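final_35.txt, holding compact mmCIF, C-alpha atoms:
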# COMPACT_ATOMS: atom_id res chain seq x y z
CA MET N 1 -20.14 19.80 4.05
CA LEU N 2 -17.47 22.48 3.45
CA GLY N 3 -15.52 21.00 6.37
CA ASP N 4 -15.33 17.69 4.50
CA TRP N 5 -14.05 19.45 1.38
CA LEU N 6 -11.50 21.46 3.35
CA ALA N 7 -10.16 18.32 5.01
CA THR N 8 -9.99 16.52 1.67
CA PHE N 9 -8.18 19.47 0.08
CA GLU N 10 -5.68 19.56 2.92
CA ALA N 11 -4.93 15.85 2.55
CA LEU N 12 -4.59 16.13 -1.24
CA LYS N 13 -2.29 19.12 -0.98
CA ALA N 14 0.03 17.13 1.30
CA VAL N 15 0.06 14.21 -1.16
CA TYR N 16 0.56 16.27 -4.32
CA ALA N 17 2.85 19.03 -3.02
CA ASP N 18 4.77 17.30 -0.22
CA GLU N 19 4.68 13.70 -1.53
CA ALA N 20 3.07 12.56 1.72
CA TYR N 21 1.60 9.08 1.98
CA SER N 22 -2.17 9.27 1.51
CA ASN N 23 -3.07 7.36 4.69
CA ILE N 24 -0.95 9.63 6.88
CA ALA N 25 -2.11 12.81 5.10
CA ILE N 26 -5.77 11.84 5.42
CA ASN N 27 -5.45 10.90 9.09
CA GLU N 28 -3.78 14.22 9.87
CA ALA N 29 -6.40 16.21 7.93
CA VAL N 30 -9.28 14.42 9.67
CA GLU N 31 -7.67 15.06 13.05
CA HIS N 32 -7.26 18.74 12.18
CA HIS N 33 -10.86 19.10 10.97
CA LYS N 34 -12.65 17.31 13.79
CA GLU N 35 -16.09 18.28 12.45
CA CYS N 36 -15.59 16.41 9.17
CA SER N 37 -16.76 12.91 8.25
CA GLY N 38 -13.66 10.73 8.25
CA GLY N 39 -15.15 8.07 6.00
CA PHE N 40 -16.25 10.61 3.39
CA VAL N 41 -12.89 12.39 3.41
CA ARG N 42 -10.99 9.12 3.05
CA ALA N 43 -13.09 7.93 0.12
CA PHE N 44 -13.03 11.36 -1.55
CA ALA N 45 -9.28 11.91 -1.23
CA LYS N 46 -8.32 8.39 -2.27
CA GLY N 47 -10.69 8.58 -5.24
CA VAL N 48 -9.21 11.85 -6.50
CA ILE N 49 -5.65 10.51 -6.16
CA ARG N 50 -6.63 7.27 -7.89
CA ASP N 51 -8.20 9.17 -10.81
CA THR N 52 -5.65 11.99 -11.15
CA MET N 53 -4.52 11.33 -14.71
CA ARG N 54 -8.06 11.23 -16.11
CA LEU N 55 -9.08 14.31 -14.14
CA ASP N 56 -6.10 16.25 -15.49
CA TYR N 57 -6.98 15.11 -19.00
CA CYS N 58 -10.43 16.68 -18.56
CA VAL N 59 -8.99 19.96 -17.25
CA GLU N 60 -6.51 20.05 -20.13
CA LYS N 61 -9.36 19.73 -22.62
CA LEU N 62 -11.63 22.30 -20.95
CA ALA N 63 -9.28 25.11 -19.95
CA ASP N 64 -8.46 27.57 -22.72
CA LYS N 65 -4.73 27.32 -21.98
CA GLY N 66 -4.81 23.74 -20.78
CA LEU N 67 -3.01 22.86 -17.57
CA LYS N 68 -0.39 25.55 -18.16
CA GLY N 69 -0.86 28.49 -15.87
CA ILE N 70 -3.25 26.73 -13.49
CA LYS N 71 -1.79 26.93 -10.00
CA LYS N 72 -1.51 23.81 -7.88
CA ARG N 73 -4.20 24.80 -5.40
CA THR N 74 -6.65 25.64 -8.17
CA LEU N 75 -5.92 22.36 -9.95
CA ILE N 76 -6.63 20.38 -6.77
CA VAL N 77 -10.02 22.08 -6.42
CA LEU N 78 -10.83 21.35 -10.07
CA ARG N 79 -9.85 17.70 -9.64
CA MET N 80 -12.11 17.49 -6.60
CA GLY N 81 -15.02 19.12 -8.42
CA ILE N 82 -14.83 16.88 -11.48
CA TYR N 83 -14.38 13.76 -9.35
CA ALA N 84 -17.37 14.71 -7.19
CA ILE N 85 -19.55 15.19 -10.28
CA ASP N 86 -18.49 11.83 -11.70
CA SER N 87 -18.16 9.59 -8.68
CA LEU N 88 -19.78 10.93 -5.49
CA ASP N 89 -23.33 9.63 -5.68
CA SER N 90 -24.21 11.37 -2.41
CA VAL N 91 -23.35 14.79 -3.89
CA PRO N 92 -25.67 16.18 -6.63
CA ASP N 93 -23.92 17.84 -9.57
CA TYR N 94 -25.04 21.35 -8.61
CA ALA N 95 -23.81 20.80 -5.05
CA ALA N 96 -20.43 19.58 -6.30
CA VAL N 97 -20.00 22.82 -8.27
CA ASN N 98 -21.17 24.96 -5.35
CA GLU N 99 -18.89 23.22 -2.85
CA ALA N 100 -15.89 23.52 -5.18
CA VAL N 101 -16.56 27.24 -5.61
CA ALA N 102 -16.95 27.72 -1.84
CA LEU N 103 -13.72 25.80 -1.29
CA ALA N 104 -11.90 27.97 -3.84
CA LYS N 105 -12.91 31.10 -1.92
CA LYS N 106 -11.16 29.61 1.11
CA VAL N 107 -8.01 28.09 -0.39
CA SER N 108 -7.51 29.63 -3.84
CA ARG N 109 -8.89 33.14 -3.70
CA GLY N 110 -9.66 34.90 -6.92
CA THR N 111 -10.22 31.65 -8.85
CA ASP N 112 -13.83 30.94 -7.85
CA ARG N 113 -15.31 32.35 -11.07
CA PHE N 114 -12.85 30.40 -13.21
CA ILE N 115 -13.61 27.19 -11.31
CA ASN N 116 -17.34 27.76 -11.51
CA ALA N 117 -17.16 28.32 -15.28
CA LEU N 118 -14.95 25.32 -15.95
CA LEU N 119 -17.05 22.92 -13.87
CA ARG N 120 -20.26 24.10 -15.49
CA ARG N 121 -18.64 23.62 -18.86
CA TYR N 122 -17.68 20.11 -17.77
CA LEU N 123 -21.31 19.35 -16.91
CA LYS N 124 -22.29 20.28 -20.47
CA GLU N 125 -19.41 18.61 -22.30
CA LYS N 126 -18.40 15.63 -20.15
CA ASP N 127 -19.99 13.08 -22.47
CA ASN N 128 -17.78 14.38 -25.28
CA LEU N 129 -14.66 14.03 -23.14
CA ALA N 130 -14.90 10.27 -22.73
CA THR N 131 -11.51 8.70 -23.39
CA ASP N 132 -10.84 6.07 -26.01
CA GLU N 133 -11.88 2.72 -24.48
CA SER N 134 -8.68 1.15 -25.81
CA ASN N 135 -6.51 3.73 -23.99
CA LEU N 136 -6.09 1.84 -20.73
CA SER N 137 -3.70 4.45 -19.36
CA LEU N 138 -6.26 7.27 -19.39
CA ARG N 139 -9.27 5.08 -18.78
CA TYR N 140 -7.86 3.74 -15.50
CA SER N 141 -5.43 6.59 -14.71
CA PHE N 142 -2.19 4.62 -14.84
CA PRO N 143 1.13 5.82 -16.32
CA GLN N 144 1.53 4.54 -19.87
CA LYS N 145 4.92 2.98 -19.12
CA LEU N 146 3.41 0.97 -16.28
CA VAL N 147 0.54 -0.18 -18.49
CA ASP N 148 3.08 -1.22 -21.14
CA LEU N 149 5.05 -3.21 -18.56
CA LEU N 150 1.97 -5.05 -17.32
CA GLN N 151 0.82 -5.76 -20.87
CA SER N 152 4.22 -7.25 -21.70
CA GLN N 153 3.92 -9.60 -18.71
CA TYR N 154 0.20 -10.28 -18.40
CA GLY N 155 -1.21 -9.69 -21.87
CA GLU N 156 -5.00 -9.94 -21.96
CA ASP N 157 -5.21 -9.93 -18.16
CA THR N 158 -3.85 -6.37 -17.96
CA GLU N 159 -7.24 -4.63 -17.86
CA LYS N 160 -8.43 -7.01 -15.16
CA LEU N 161 -5.30 -6.15 -13.18
CA LEU N 162 -5.81 -2.39 -13.56
CA ILE N 163 -9.37 -2.69 -12.32
CA ALA N 164 -8.18 -4.70 -9.31
CA LEU N 165 -5.41 -2.20 -8.54
CA ASN N 166 -7.96 0.62 -8.66
CA THR N 167 -9.99 -1.09 -5.92
CA ALA N 168 -9.25 -0.41 -2.27
CA PRO N 169 -8.60 -3.71 -0.46
CA ASP N 170 -10.60 -4.84 2.57
CA LEU N 171 -9.43 -3.94 6.07
CA ILE N 172 -7.71 -7.02 7.48
CA LEU N 173 -6.82 -7.60 11.12
CA ARG N 174 -4.09 -9.98 12.26
CA THR N 175 -5.03 -11.41 15.64
CA ASN N 176 -2.32 -11.39 18.27
CA THR N 177 -2.71 -15.03 19.23
CA LEU N 178 -0.75 -14.43 22.44
CA MET N 179 -3.85 -12.51 23.56
CA ALA N 180 -6.77 -14.30 21.90
CA GLU N 181 -7.93 -16.50 19.08
CA PRO N 182 -9.58 -14.81 16.05
CA ASP N 183 -13.11 -15.90 16.97
CA GLU N 184 -12.66 -14.57 20.52
CA LEU N 185 -11.40 -11.23 19.20
CA ALA N 186 -14.34 -11.01 16.79
CA GLU N 187 -16.78 -11.53 19.66
CA LEU N 188 -15.13 -8.79 21.73
CA LEU N 189 -15.11 -6.31 18.84
CA ALA N 190 -18.75 -7.09 18.08
CA LYS N 191 -19.69 -5.67 21.48
CA ASP N 192 -18.41 -2.31 20.18
CA GLY N 193 -20.42 -2.67 16.98
CA ILE N 194 -17.42 -3.75 14.90
CA ILE N 195 -18.22 -6.70 12.67
CA CYS N 196 -15.34 -8.98 11.67
CA LYS N 197 -15.36 -12.36 9.97
CA PRO N 198 -12.71 -15.11 9.83
CA VAL N 199 -10.71 -15.48 6.63
CA GLU N 200 -10.55 -18.88 4.98
CA GLY N 201 -6.99 -20.16 4.66
CA SER N 202 -5.55 -18.08 7.51
CA ARG N 203 -5.24 -19.02 11.17
CA THR N 204 -4.96 -15.41 12.42
CA ALA N 205 -6.77 -13.08 9.98
CA LEU N 206 -10.14 -11.36 10.29
CA VAL N 207 -11.77 -9.19 7.62
CA CYS N 208 -13.51 -6.12 9.01
CA LYS N 209 -16.97 -5.64 7.52
CA LYS N 210 -18.14 -2.73 9.66
CA GLY N 211 -16.67 -0.24 12.10
CA GLN N 212 -13.33 1.34 13.00
CA PRO N 213 -11.40 -1.27 15.01
CA VAL N 214 -8.24 0.83 15.32
CA SER N 215 -10.12 3.32 17.50
CA THR N 216 -10.82 0.65 20.15
CA SER N 217 -8.94 -0.19 23.33
CA TYR N 218 -8.33 -3.67 21.89
CA TYR N 219 -6.01 -2.13 19.30
CA ARG N 220 -4.26 0.11 21.81
CA ASP N 221 -3.77 -2.84 24.15
CA GLY N 222 -2.22 -5.02 21.44
CA TRP N 223 -4.96 -7.54 20.68
CA PHE N 224 -4.50 -7.17 16.93
CA SER N 225 -2.66 -5.37 14.13
CA VAL N 226 -3.74 -4.13 10.71
CA GLN N 227 -1.90 -6.00 7.95
CA SER N 228 -2.63 -7.12 4.41
CA LEU N 229 -3.97 -10.64 4.03
CA SER N 230 -1.30 -11.41 1.43
CA SER N 231 1.42 -10.50 3.92
CA ILE N 232 -0.25 -12.47 6.71
CA LYS N 233 -0.48 -15.57 4.52
CA SER N 234 3.17 -15.32 3.53
CA ILE N 235 4.32 -15.26 7.17
CA GLU N 236 2.00 -18.14 8.06
CA ALA N 237 3.54 -20.12 5.19
CA PHE N 238 7.07 -19.21 6.33
CA ALA N 239 6.16 -20.36 9.87
CA PRO N 240 9.32 -19.67 11.89
CA LYS N 241 9.55 -22.16 14.74
CA GLN N 242 9.25 -21.43 18.43
CA GLY N 243 12.71 -20.75 19.92
CA SER N 244 14.32 -19.97 16.55
CA ARG N 245 16.85 -17.27 15.80
CA VAL N 246 15.29 -15.09 13.07
CA LEU N 247 16.59 -12.22 10.95
CA ASP N 248 14.22 -9.75 9.26
CA MET N 249 16.48 -7.83 6.89
CA CYS N 250 14.13 -5.02 5.81
CA ALA N 251 11.75 -4.94 8.75
CA ALA N 252 10.25 -1.46 9.21
CA PRO N 253 7.56 -0.66 10.14
CA GLY N 254 7.66 -4.07 11.81
CA GLY N 255 4.45 -5.83 10.80
CA LYS N 256 6.12 -9.03 9.61
CA SER N 257 8.56 -9.13 12.54
CA CYS N 258 5.66 -8.90 14.97
CA ALA N 259 3.66 -11.51 13.06
CA MET N 260 6.61 -13.90 13.29
CA ALA N 261 7.06 -13.21 17.01
CA GLU N 262 3.41 -14.07 17.61
CA LEU N 263 3.69 -17.31 15.62
CA MET N 264 6.80 -18.15 17.66
CA CYS N 265 4.72 -17.75 20.86
CA GLY N 266 7.13 -15.06 22.02
CA GLU N 267 10.02 -17.53 22.32
CA GLY N 268 13.33 -17.16 20.46
CA SER N 269 14.84 -14.00 19.00
CA ILE N 270 14.16 -11.73 16.03
CA THR N 271 16.70 -9.23 14.77
CA ALA N 272 14.70 -6.62 12.86
CA CYS N 273 16.76 -4.35 10.61
CA ASP N 274 16.26 -1.15 8.69
CA ILE N 275 18.48 1.39 6.99
CA HIS N 276 16.80 4.44 8.59
CA PRO N 277 17.09 5.14 12.35
CA HIS N 278 13.67 6.82 12.58
CA ARG N 279 12.01 3.73 11.08
CA LEU N 280 13.53 1.54 13.78
CA GLU N 281 11.35 3.49 16.20
CA LEU N 282 8.28 2.20 14.35
CA ILE N 283 9.42 -1.38 14.97
CA ASP N 284 9.87 -0.69 18.68
CA THR N 285 6.48 1.03 18.89
CA SER N 286 4.68 -1.92 17.27
CA SER N 287 6.44 -4.58 19.35
CA ASP N 288 5.83 -2.65 22.58
CA ARG N 289 2.12 -2.24 21.82
CA LEU N 290 1.79 -5.97 21.15
CA GLY N 291 3.79 -6.99 24.22
CA LEU N 292 6.53 -8.69 22.21
CA ASP N 293 9.95 -8.66 23.85
CA ILE N 294 11.92 -10.94 21.51
CA ILE N 295 12.36 -8.33 18.76
CA GLU N 296 15.56 -6.26 18.66
CA ALA N 297 15.67 -3.42 16.16
CA LYS N 298 19.08 -2.87 14.53
CA LEU N 299 20.41 -0.33 12.05
CA GLN N 300 21.67 -2.33 9.07
CA ASN N 301 21.76 -1.94 5.30
CA GLY N 302 20.62 -5.20 3.72
CA THR N 303 23.01 -4.80 0.80
CA GLU N 304 26.05 -4.61 3.12
CA PHE N 305 27.32 -8.00 4.30
CA ARG N 306 27.84 -8.43 8.04
CA GLU N 307 30.47 -11.11 8.64
CA GLU N 308 29.44 -12.03 12.20
CA TRP N 309 25.97 -12.98 10.96
CA ALA N 310 27.21 -15.55 8.42
CA GLY N 311 25.44 -18.87 8.96
CA ALA N 312 23.89 -17.61 12.20
CA PHE N 313 20.11 -17.66 11.63
CA ASP N 314 17.50 -20.42 11.44
CA PHE N 315 15.09 -18.24 9.44
CA VAL N 316 15.84 -15.17 7.33
CA LEU N 317 13.17 -12.91 5.85
CA ALA N 318 14.16 -10.71 2.91
CA ASP N 319 11.09 -8.56 2.32
CA VAL N 320 12.95 -6.34 -0.10
CA PRO N 321 12.34 -2.75 -1.28
CA CYS N 322 10.27 -2.96 -4.44
CA SER N 323 8.17 -0.99 -6.92
CA GLY N 324 5.05 -1.51 -4.77
CA ILE N 325 2.73 -2.09 -7.70
CA GLY N 326 0.75 -4.61 -5.69
CA VAL N 327 -0.33 -2.06 -3.04
CA ILE N 328 -1.58 0.65 -5.40
CA GLY N 329 -5.14 -0.20 -4.31
CA SER N 330 -4.44 1.08 -0.79
CA LYS N 331 -1.73 3.60 -1.76
CA PRO N 332 -2.94 5.13 -5.04
CA GLU N 333 -0.33 7.89 -4.81
CA LEU N 334 2.21 5.30 -5.98
CA LYS N 335 0.70 5.65 -9.45
CA LEU N 336 1.97 9.23 -9.50
CA ARG N 337 5.48 8.33 -8.31
CA THR N 338 6.39 5.04 -9.95
CA ASN N 339 8.62 4.90 -13.00
CA PRO N 340 9.40 1.55 -14.64
CA ASP N 341 12.65 3.06 -15.93
CA ASP N 342 13.92 2.93 -12.33
CA TYR N 343 13.06 -0.72 -11.74
CA ALA N 344 16.40 -2.01 -13.04
CA GLU N 345 18.16 -0.25 -10.16
CA LEU N 346 15.71 -1.87 -7.74
CA THR N 347 16.41 -5.37 -9.03
CA GLY N 348 20.11 -4.87 -8.37
CA VAL N 349 19.38 -4.01 -4.73
CA GLN N 350 16.97 -6.93 -4.41
CA ALA N 351 19.53 -9.41 -5.75
CA GLU N 352 22.19 -8.14 -3.32
CA ILE N 353 19.86 -8.48 -0.33
CA LEU N 354 18.86 -12.02 -1.33
CA GLU N 355 22.53 -13.02 -1.64
CA ASN N 356 23.27 -11.76 1.87
CA ALA N 357 20.13 -13.44 3.22
CA TYR N 358 21.38 -16.80 1.97
CA LYS N 359 24.81 -16.22 3.54
CA TYR N 360 23.23 -15.42 6.91
CA LEU N 361 21.23 -18.65 6.87
CA LYS N 362 22.31 -21.79 8.73
CA PRO N 363 22.56 -25.02 6.72
CA GLY N 364 19.08 -26.53 6.81
CA GLY N 365 17.58 -23.13 7.56
CA ARG N 366 14.93 -21.37 5.51
CA LEU N 367 14.71 -17.95 3.97
CA MET N 368 11.78 -16.16 2.41
CA TYR N 369 12.18 -13.62 -0.38
CA SER N 370 9.09 -11.43 -0.71
CA THR N 371 7.81 -8.26 -2.39
CA CYS N 372 4.54 -6.33 -2.64
CA THR N 373 4.78 -6.04 -6.40
CA ILE N 374 3.49 -8.01 -9.38
CA ASN N 375 6.42 -7.09 -11.62
CA ARG N 376 7.87 -10.44 -12.64
CA TYR N 377 11.36 -8.99 -13.10
CA GLU N 378 11.42 -8.24 -9.36
CA ASN N 379 9.86 -11.58 -8.40
CA GLU N 380 10.41 -14.69 -10.50
CA GLY N 381 13.29 -12.99 -12.32
CA ILE N 382 15.28 -12.44 -9.11
CA VAL N 383 14.54 -15.88 -7.68
CA ASP N 384 15.29 -17.76 -10.91
CA SER N 385 18.65 -16.00 -11.32
CA PHE N 386 19.50 -16.72 -7.68
CA CYS N 387 18.63 -20.42 -7.96
CA GLU N 388 20.63 -20.81 -11.15
CA LYS N 389 23.66 -19.23 -9.46
CA HIS N 390 23.41 -21.42 -6.36
CA GLY N 391 22.78 -24.77 -8.02
CA PHE N 392 19.00 -24.69 -7.59
CA PRO N 393 18.53 -24.94 -3.81
CA LEU N 394 15.32 -26.50 -2.54
CA ILE N 395 12.31 -24.27 -3.15
CA ILE N 396 9.67 -25.11 -0.54
CA GLU N 397 7.00 -22.81 -1.92
CA LYS N 398 6.77 -20.08 -4.56
CA HIS N 399 3.58 -18.08 -4.86
CA ALA N 400 2.48 -14.99 -6.78
CA ILE N 401 -0.65 -13.54 -5.17
CA MET N 402 -2.79 -11.50 -7.54
CA PRO N 403 -5.09 -8.71 -6.26
CA TYR N 404 -8.27 -10.01 -7.91
CA ASN N 405 -9.86 -10.83 -4.55
CA SER N 406 -10.79 -7.66 -2.63
CA SER N 407 -9.08 -9.07 0.47
CA LEU N 408 -5.73 -9.45 -1.30
CA ILE N 409 -2.99 -7.16 -2.52
CA GLY N 410 -0.50 -8.05 -5.22
CA PHE N 411 2.31 -9.95 -3.49
CA PHE N 412 5.04 -12.50 -4.15
CA TYR N 413 6.97 -14.83 -1.89
CA CYS N 414 9.38 -17.70 -2.31
CA ILE N 415 10.58 -19.92 0.55
CA ILE N 416 14.02 -21.50 0.00
CA GLU N 417 15.79 -24.10 2.16
CA LYS N 418 19.57 -24.09 2.40
CA SER N 419 21.16 -27.49 1.88
CA VAL N 420 22.96 -29.10 4.81

Can I see the file as structure tokens?
Amino acid sequence: MLGDWLATFEALKAVYADEAYSNIAINEAVEHHKECSGGFVRAFAKGVIRDTMRLDYCVEKLADKGLKGIKKRTLIVLRMGIYAIDSLDSVPDYAAVNEAVALAKKVSRGTDRFINALLRRYLKEKDNLATDESNLSLRYSFPQKLVDLLQSQYGEDTEKLLIALNTAPDLILRTNTLMAEPDELAELLAKDGIICKPVEGSRTALVCKKGQPVSTSYYRDGWFSVQSLSSIKSIEAFAPKQGSRVLDMCAAPGGKSCAMAELMCGEGSITACDIHPHRLELIDTSSDRLGLDIIEAKLQNGTEFREEWAGAFDFVLADVPCSGIGVIGSKPELKLRTNPDDYAELTGVQAEILENAYKYLKPGGRLMYSTCTINRYENEGIVDSFCEKHGFPLIIEKHAIMPYNSSLIGFFYCIIEKSV
């Protein structure tokens, strides 16, 4: 079991100290510790990240000097120990303490006695450390400013939202329909013991109920991609036509560009842009794996207008940079890095990108503005201001997707048609 704890510690250290993304950090740690249980490490690491604020509250209350003076490595081990005691049903309390102490001897030498004492004290006093039920920030480990923002917009639904955002979403596969239909792909995966079911309301999505589909040859050979159901549904609603000229303004890592190319039956052209050269490589990697040759990755800042593109595209996707609140379920580290005070700067960027998207659109063409957030200032606020400025162009569809269903992430999209 120590191998599992070492791998989890390594992933957490990368997230906390290096601001790595949890999925990448966990994958790298599991690859490094080949003897560990990948599923256990993933659940353990994500759980600790998700519960960081409450775990630190407990350490603050138990340590004689609070969090001050506790080194980062030691604090990670303490977080792991307390989380294991509270939430890992497969690990008895005594084992959680023993494993944390053994881990400390490996990664934070000289602190094993301190960790042992604090965790044993936690076992005795944890019932007295329960947070005030009305304190949603500590209860669900969300920054107070983010809780305040959600309460201002969603009122009594805020707690329901926090619970949903603390739940990891289902694994969703988007079938590459140039290779197979969803039911055919499900049958093929079932032969490898991977159980997938069709998703109501989507023509391409499967929800994975059992197994690791990404480890199969079907993934490597481009039969499917992993993508959120909310994102899949938005692209299916946008429905760029076969043979169209399409612009994806903020495309990396390329999931939506590839989804559009598949819906277009590989006919037409997609210009997929990003501001970072290294992220363009991700677009090329995805399109190559899926056998899609109509996608051209281009370096372009969405806020900078490109004159030669004016009125040139049939469909324009503006999937803008956002606060990412809607994907906290799968990326809990965002709770540690988000600051609502910075959102005003984001909305300025979003508005600029939407303006350029409209300029790039042909008369009669359609654009889709989308985000993976549930912050209404970034969603309805941007679209409403845009429509007022442009004389209320035709809105084909406007939809805020809430993460209450375990298959969904928080997401927003609005499809606008440019008048002829």

- request: Just the residues within 10 Å of Pro213 in chain N, please, counting only C-alpha atoms, with nothing from its chain fewer than 2 positions along; format it as a list in words.
  value: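 Result of the neighbour search: Leu171, Leu173, Leu189, Ala190, Asp192, Gly193, Ile194, Ile195, Cys196, Cys208, Lys210, Gly211, Ser215, Thr216, Ser217, Tyr218, Tyr219, Arg220, Phe224, Ser225 and Val226 of chain N.
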
Test item: residues at most 7 Å from range 9-12 of chain N, only C-alpha atoms, excluding those fewer than 5 positions along its chain, as a list in words: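 Contacts, in chain order: Ala25, Ile26, Ala29 and Ala45 of chain N.
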
query: Given the choices N:Ser269, N:Glu388, N:Ile85, N:Ser141, which gets closest to Leu165 in chain N if the distance is worked out from only C-alpha atoms?
result: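 Counting only C-alpha atoms, the residue closest to Leu165 in chain N is N:Ser141.
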
Separation of CA of Glu200 in chain N from CA of Glu236 in chain N, in Å and rounded to one decimal: 12.9 Å

Emit as lines of an AutoDock Vina configuration file the padded axis-aligned box for all listed atoms of range 199-207 of chain N, 5 Å per side, with centre and edge lengths in Å to one decimal.
center_x = -8.4
center_y = -14.7
center_z = 8.5
size_x = 16.8
size_y = 21.0
size_z = 17.8

message: Residues within 7 Å of range 96-104 of chain N, please, as a PyMOL selection string. Count all atoms listed in the file; anything in the same chain fewer than 2 positions from it doesn't count.
response: chain N and resi 2+5-6+77+81+84-85+91-94+106-109+111-112+115-116+119

task: Have a look at CA of Asp221 in chain N and CA of Ala7 in chain N and let me know their distance in Å, one decimal.
output: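 Separation of CA of Asp221 in chain N and CA of Ala7 in chain N: 29.2 Å.
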
For range 184-190 of chain N, supply all heavy atoms and format the output as a CSV table (one decimal), in the frame of the given file.
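Saved as selection_10.csv:
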chain,number,residue,atom,x,y,z
N,184,GLU,N,-12.5,-15.3,19.3
N,184,GLU,CA,-12.7,-14.6,20.5
N,184,GLU,C,-12.5,-13.1,20.3
N,184,GLU,O,-13.3,-12.3,20.9
N,184,GLU,CB,-11.6,-15.0,21.5
N,184,GLU,CG,-11.7,-16.5,21.9
N,184,GLU,CD,-10.6,-17.0,22.8
N,184,GLU,OE1,-9.4,-16.5,22.6
N,184,GLU,OE2,-10.8,-17.8,23.6
N,185,LEU,N,-11.6,-12.7,19.5
N,185,LEU,CA,-11.4,-11.2,19.2
N,185,LEU,C,-12.6,-10.7,18.5
N,185,LEU,O,-13.1,-9.6,18.8
N,185,LEU,CB,-10.2,-11.0,18.4
N,185,LEU,CG,-9.9,-9.6,17.9
N,185,LEU,CD1,-9.7,-8.6,19.1
N,185,LEU,CD2,-8.7,-9.5,17.0
N,186,ALA,N,-13.1,-11.4,17.5
N,186,ALA,CA,-14.3,-11.0,16.8
N,186,ALA,C,-15.5,-10.8,17.7
N,186,ALA,O,-16.3,-9.8,17.6
N,186,ALA,CB,-14.7,-12.0,15.7
N,187,GLU,N,-15.7,-11.7,18.7
N,187,GLU,CA,-16.8,-11.5,19.7
N,187,GLU,C,-16.6,-10.3,20.5
N,187,GLU,O,-17.6,-9.5,20.8
N,187,GLU,CB,-16.8,-12.8,20.6
N,187,GLU,CG,-17.4,-14.0,19.9
N,187,GLU,CD,-17.4,-15.2,20.8
N,187,GLU,OE1,-17.3,-15.0,22.1
N,187,GLU,OE2,-17.6,-16.3,20.4
N,188,LEU,N,-15.4,-10.0,20.9
N,188,LEU,CA,-15.1,-8.8,21.7
N,188,LEU,C,-15.4,-7.5,20.9
N,188,LEU,O,-16.0,-6.6,21.4
N,188,LEU,CB,-13.7,-8.8,22.2
N,188,LEU,CG,-13.4,-9.9,23.3
N,188,LEU,CD1,-11.9,-10.0,23.5
N,188,LEU,CD2,-14.1,-9.6,24.6
N,189,LEU,N,-14.9,-7.5,19.7
N,189,LEU,CA,-15.1,-6.3,18.8
N,189,LEU,C,-16.6,-6.1,18.5
N,189,LEU,O,-17.0,-5.0,18.4
N,189,LEU,CB,-14.3,-6.4,17.6
N,189,LEU,CG,-12.8,-6.4,17.7
N,189,LEU,CD1,-12.1,-6.7,16.4
N,189,LEU,CD2,-12.3,-5.0,18.2
N,190,ALA,N,-17.3,-7.2,18.4
N,190,ALA,CA,-18.8,-7.1,18.1
N,190,ALA,C,-19.5,-6.3,19.2
N,190,ALA,O,-20.5,-5.7,18.9
N,190,ALA,CB,-19.3,-8.5,17.9
